[in-house]
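Asker: Structure incoming, see below.
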Amino acid sequence: MTPKGSGLPAMLLQHLRQVYGPEVEVLQTSTFTSGMAFPIHRLLVQHSGKTLPVVLKFYPAGFEGHFSRESWALTHLPELQIAAPMLLGTSQLPEGSAVVMEWIEGRPLMDLLLPEDHTLASKRFVDQLVKIHSVSIENLEISQENSESAFEGLCTIFENDFQKLHQPILTWTAQRLHKQTTFQKTLLHRDYHPWNVLAEPSGRLVVLDWDWGIGDPREDLGWTRLILQKSNLPLLAEEFTDLYCQQVPDARWNLEVFDVLAHLRWLQLLEKPSARSNMTPEIQQWIEKLQLETQQMIEQISGITIALHRKNPSDI
């Protein structure tokens, strides 16, 4: 924690004042990293005679979609009996948007999955995702824009230029899925992994980072598998898959296609500029190594050679 009155940029203080008013006082601040690229600050604020621990998450200009999806989720998920942080307020200014939410006292579920005796934690981790996927989307009060984009197909997670570059592999996925029984569309978290699930002292699991969507539940399954594999936890990835498929047996159908889509999504993230990272030659070299590994995995599963988009060194 930093001393009173320091550590919070003036721009973020302006967002905080839009939520609480000009009289709000920041007593302490700390910054921590997120799986996404968005800056997150834990704040101890004083307002109306109360001292409150809160979290401020900032979305730079250009990331309005992420802001709107998370603010929607934190507003409506409690109504659907899905545990998520309570939304305390939002702010939108020309340089970006901010979400202020409650601070959750808990530890990442990964802490409970690393010990040898973690069977109960694994089951609860899977149960939480199955519960998310069980939400009836007919009852979701989503905007027409979100509804239309969500049903355009699996490729909506990819940008147009990226789709054009990797059209052969996307055609391969479409062909593999064309004749199978279609899964009912479900609510997707789209970044579900053990670092985005907090275990409170009471035992309640709270899910963070809601860049949600609507689609095939195997999208989440493939993405969680990828995150665990990239974290050098392949056995945990397979355990997670087995436990999920015990509850949803059909999820194993063409799961390799969703593994490819997850790796393709990972590749897109590696090629996109971060919302806050300062690119250096060393970071660029590390990213290119990850790109090559991802390319090789896609080719190993699909048998199709894919193209990589290399950054010009002058762009670094």
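Chain labels run A, B, ... following the order of the structure tokens; each chain numbers its residues from 1, and ligands are numbered from 1 in the order shown.
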Produce a table with one row for each residue of segment 101-208 of chain A that has an atom at most 9 Å from any atom of segment 237-259 of chain A, each row naming the nearest atom pair and its distance in Å at one decimal; use only C-alpha atoms; arrange rows by chain and rising residue number; format as a tab-separated table.

Answerer:
```
residue	atom	partner	partner_atom	distance
A:Ser122	CA	A:Phe240	CA	6.8
A:Lys123	CA	A:Leu243	CA	6.9
A:Phe125	CA	A:Phe240	CA	8.2
A:Val126	CA	A:Tyr244	CA	5.8
A:Asp127	CA	A:Tyr244	CA	7.8
A:Leu129	CA	A:Tyr244	CA	8.5
A:Val130	CA	A:Tyr244	CA	7.4
A:Trp172	CA	A:Val257	CA	8.7
A:Thr173	CA	A:Val257	CA	5.9
A:Arg176	CA	A:Val257	CA	7.3
A:Leu177	CA	A:Asn254	CA	7.3
A:Gln180	CA	A:Trp253	CA	8.3
A:Phe183	CA	A:Asp250	CA	8.8
```

Asker: Selection from above, C-alpha atoms, as a PDB file, in the first residue's frame, can you write it?

Answerer:
```pdb
ATOM      1  CA  SER A 122     -11.358 -29.177  -8.807  1.00  0.00           C
ATOM      2  CA  LYS A 123     -14.972 -30.281  -8.594  1.00  0.00           C
ATOM      3  CA  PHE A 125     -14.108 -25.169 -10.110  1.00  0.00           C
ATOM      4  CA  VAL A 126     -15.926 -27.272 -12.714  1.00  0.00           C
ATOM      5  CA  ASP A 127     -19.318 -26.955 -11.011  1.00  0.00           C
ATOM      6  CA  LEU A 129     -18.523 -23.247 -14.956  1.00  0.00           C
ATOM      7  CA  VAL A 130     -21.371 -25.724 -15.468  1.00  0.00           C
ATOM      8  CA  TRP A 172     -11.452 -26.313 -41.416  1.00  0.00           C
ATOM      9  CA  THR A 173     -13.242 -25.683 -38.117  1.00  0.00           C
ATOM     10  CA  ARG A 176     -15.561 -30.229 -38.781  1.00  0.00           C
ATOM     11  CA  LEU A 177     -18.585 -28.806 -36.966  1.00  0.00           C
ATOM     12  CA  GLN A 180     -22.668 -32.479 -35.769  1.00  0.00           C
ATOM     13  CA  PHE A 183     -25.054 -27.329 -28.820  1.00  0.00           C
TER      14      PHE A 183
END
```

Asker: Enumerate, as an MDAnalysis selection string, the complete set of residues in segment 100-299 of chain A that a backbone-based DSSP assignment places in alpha helix (DSSP H).

Answerer: chainID A and resid 110:113 119:133 144:150 160:165 167:177 218:230 234:247 255:271 281:299

Asker: Could you pull out the strand (DSSP E or B) residues of segment 181-281 of chain A from DSSP and send them as a count of residues only?

Answerer: 12

Asker: Can you tell me which residues surround Ser68 of chain A at a distance of at most 10 Å, considering only C-alpha atoms, apart from same-chain residues fewer than 6 positions away, and format the answer as a list in words?

Answerer: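 Close residues of Ser68 of chain A: Tyr59, Thr90, Ser97, Ala98, Val99 and Asp211 of chain A.
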
Asker: Go ahead and write the selection's residues with N, CA and C atoms as a PDB file, in the first residue's frame.

Answerer:
```
ATOM      1  N   TYR A  59     -10.478   1.025 -18.450  1.00  0.00           N
ATOM      2  CA  TYR A  59     -10.466   0.581 -19.844  1.00  0.00           C
ATOM      3  C   TYR A  59     -10.111   1.781 -20.724  1.00  0.00           C
ATOM      4  N   THR A  90     -19.939   3.280 -12.364  1.00  0.00           N
ATOM      5  CA  THR A  90     -19.164   3.350 -13.603  1.00  0.00           C
ATOM      6  C   THR A  90     -18.913   4.802 -13.961  1.00  0.00           C
ATOM      7  N   SER A  97     -12.884   4.479 -19.876  1.00  0.00           N
ATOM      8  CA  SER A  97     -13.997   4.177 -18.978  1.00  0.00           C
ATOM      9  C   SER A  97     -13.475   3.444 -17.752  1.00  0.00           C
ATOM     10  N   ALA A  98     -14.268   3.431 -16.701  1.00  0.00           N
ATOM     11  CA  ALA A  98     -13.851   2.763 -15.466  1.00  0.00           C
ATOM     12  C   ALA A  98     -15.041   2.083 -14.809  1.00  0.00           C
ATOM     13  N   VAL A  99     -14.756   0.959 -14.181  1.00  0.00           N
ATOM     14  CA  VAL A  99     -15.725   0.241 -13.369  1.00  0.00           C
ATOM     15  C   VAL A  99     -15.206   0.245 -11.939  1.00  0.00           C
ATOM     16  N   ASP A 211     -15.639 -10.672 -19.506  1.00  0.00           N
ATOM     17  CA  ASP A 211     -15.717 -10.241 -20.907  1.00  0.00           C
ATOM     18  C   ASP A 211     -16.568 -11.287 -21.639  1.00  0.00           C
TER      19      ASP A 211
END
```

Asker: Hey, what's within 10 Å of segment 8-12 of chain A if we count only C-alpha atoms and toss same-chain stuff fewer than 5 positions away? As a PyMOL selection string, please?

Answerer: chain A and resi 2+17-18+26+28-31+41-43+56-58+91+93+95-98

Asker: Between atom CA of Gln163 of chain A and atom CA of Phe67 of chain A, what distance in Å does the model show, to one decimal?

Answerer: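 Atom CA of Phe67 of chain A lies 23.7 Å from atom CA of Gln163 of chain A.
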
Asker: Identify which of the residues A:Val19, A:Ser302, A:Asn232, A:Gly62 lies closest to Pro168 of chain A, counting only C-alpha atoms when measuring atom-to-atom distances.

Answerer: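 That would be A:Ser302, the residue with the smallest distance to Pro168 of chain A.
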
Asker: Find the residue from A:Gln300, A:Leu235, A:Gln291, A:Pro281 that sits nearest to Glu116 of chain A; use only C-alpha atoms when measuring.

Answerer: A:Leu235

Asker: Report, in Å to a single decimal, how far apart atom CA of Pro217 of chain A and atom CA of Ser71 of chain A are.

Answerer: 21.9 Å

Asker: To one decimal place in Å, what is the distance between atom CA of Gln14 of chain A and atom CA of Met86 of chain A?

Answerer: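 Going from atom CA of Gln14 of chain A over to atom CA of Met86 of chain A, I get 21.0 Å.
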
Asker: Please provide as a ChimeraX atom specification all residues within 6 Å of Met110 of chain A, with the sequence filter that same-chain residues fewer than 3 positions apart are discarded (counting only C-alpha atoms).

Answerer: /A:113,194-195

Asker: Store the residues of this selection in a file with C-alpha atoms, as a PDB file, in the first residue's frame.

Answerer:
```pdb
ATOM      1  CA  LEU A 113      -5.717 -26.612  -6.893  1.00  0.00           C
ATOM      2  CA  PRO A 194      -8.366 -20.581 -11.628  1.00  0.00           C
ATOM      3  CA  TRP A 195      -6.846 -17.096 -11.303  1.00  0.00           C
TER       4      TRP A 195
END
```

Asker: With only C-alpha atoms as the counted atoms, please give the residues lying no more than 7 Å from Trp103 of chain A, apart from itself and same-chain residues fewer than 4 positions off, as number ranges by chain.

Answerer: A: 53-55

Asker: Could those selected residues go to a file with N, CA and C atoms, as a PDB file, in the first residue's frame?

Answerer:
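What ended up in out.pdb:
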```pdb
ATOM      1  N   PRO A  53     -13.093  -0.467   1.104  1.00  0.00           N
ATOM      2  CA  PRO A  53     -12.126  -1.051   0.157  1.00  0.00           C
ATOM      3  C   PRO A  53     -12.841  -1.338  -1.166  1.00  0.00           C
ATOM      4  N   VAL A  54     -12.322  -0.786  -2.258  1.00  0.00           N
ATOM      5  CA  VAL A  54     -12.958  -0.964  -3.566  1.00  0.00           C
ATOM      6  C   VAL A  54     -11.885  -1.280  -4.604  1.00  0.00           C
ATOM      7  N   VAL A  55     -12.356  -1.688  -5.766  1.00  0.00           N
ATOM      8  CA  VAL A  55     -11.473  -1.943  -6.907  1.00  0.00           C
ATOM      9  C   VAL A  55     -11.902  -1.044  -8.053  1.00  0.00           C
TER      10      VAL A  55
END
```

Asker: Between A:Pro39, A:Gly21, A:Gly49, A:Gly222, which is the closest to Arg265 of chain A once you count only C-alpha atoms?

Answerer: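 Looking only at the distances to Arg265 of chain A, the closest residue turns out to be A:Gly222.
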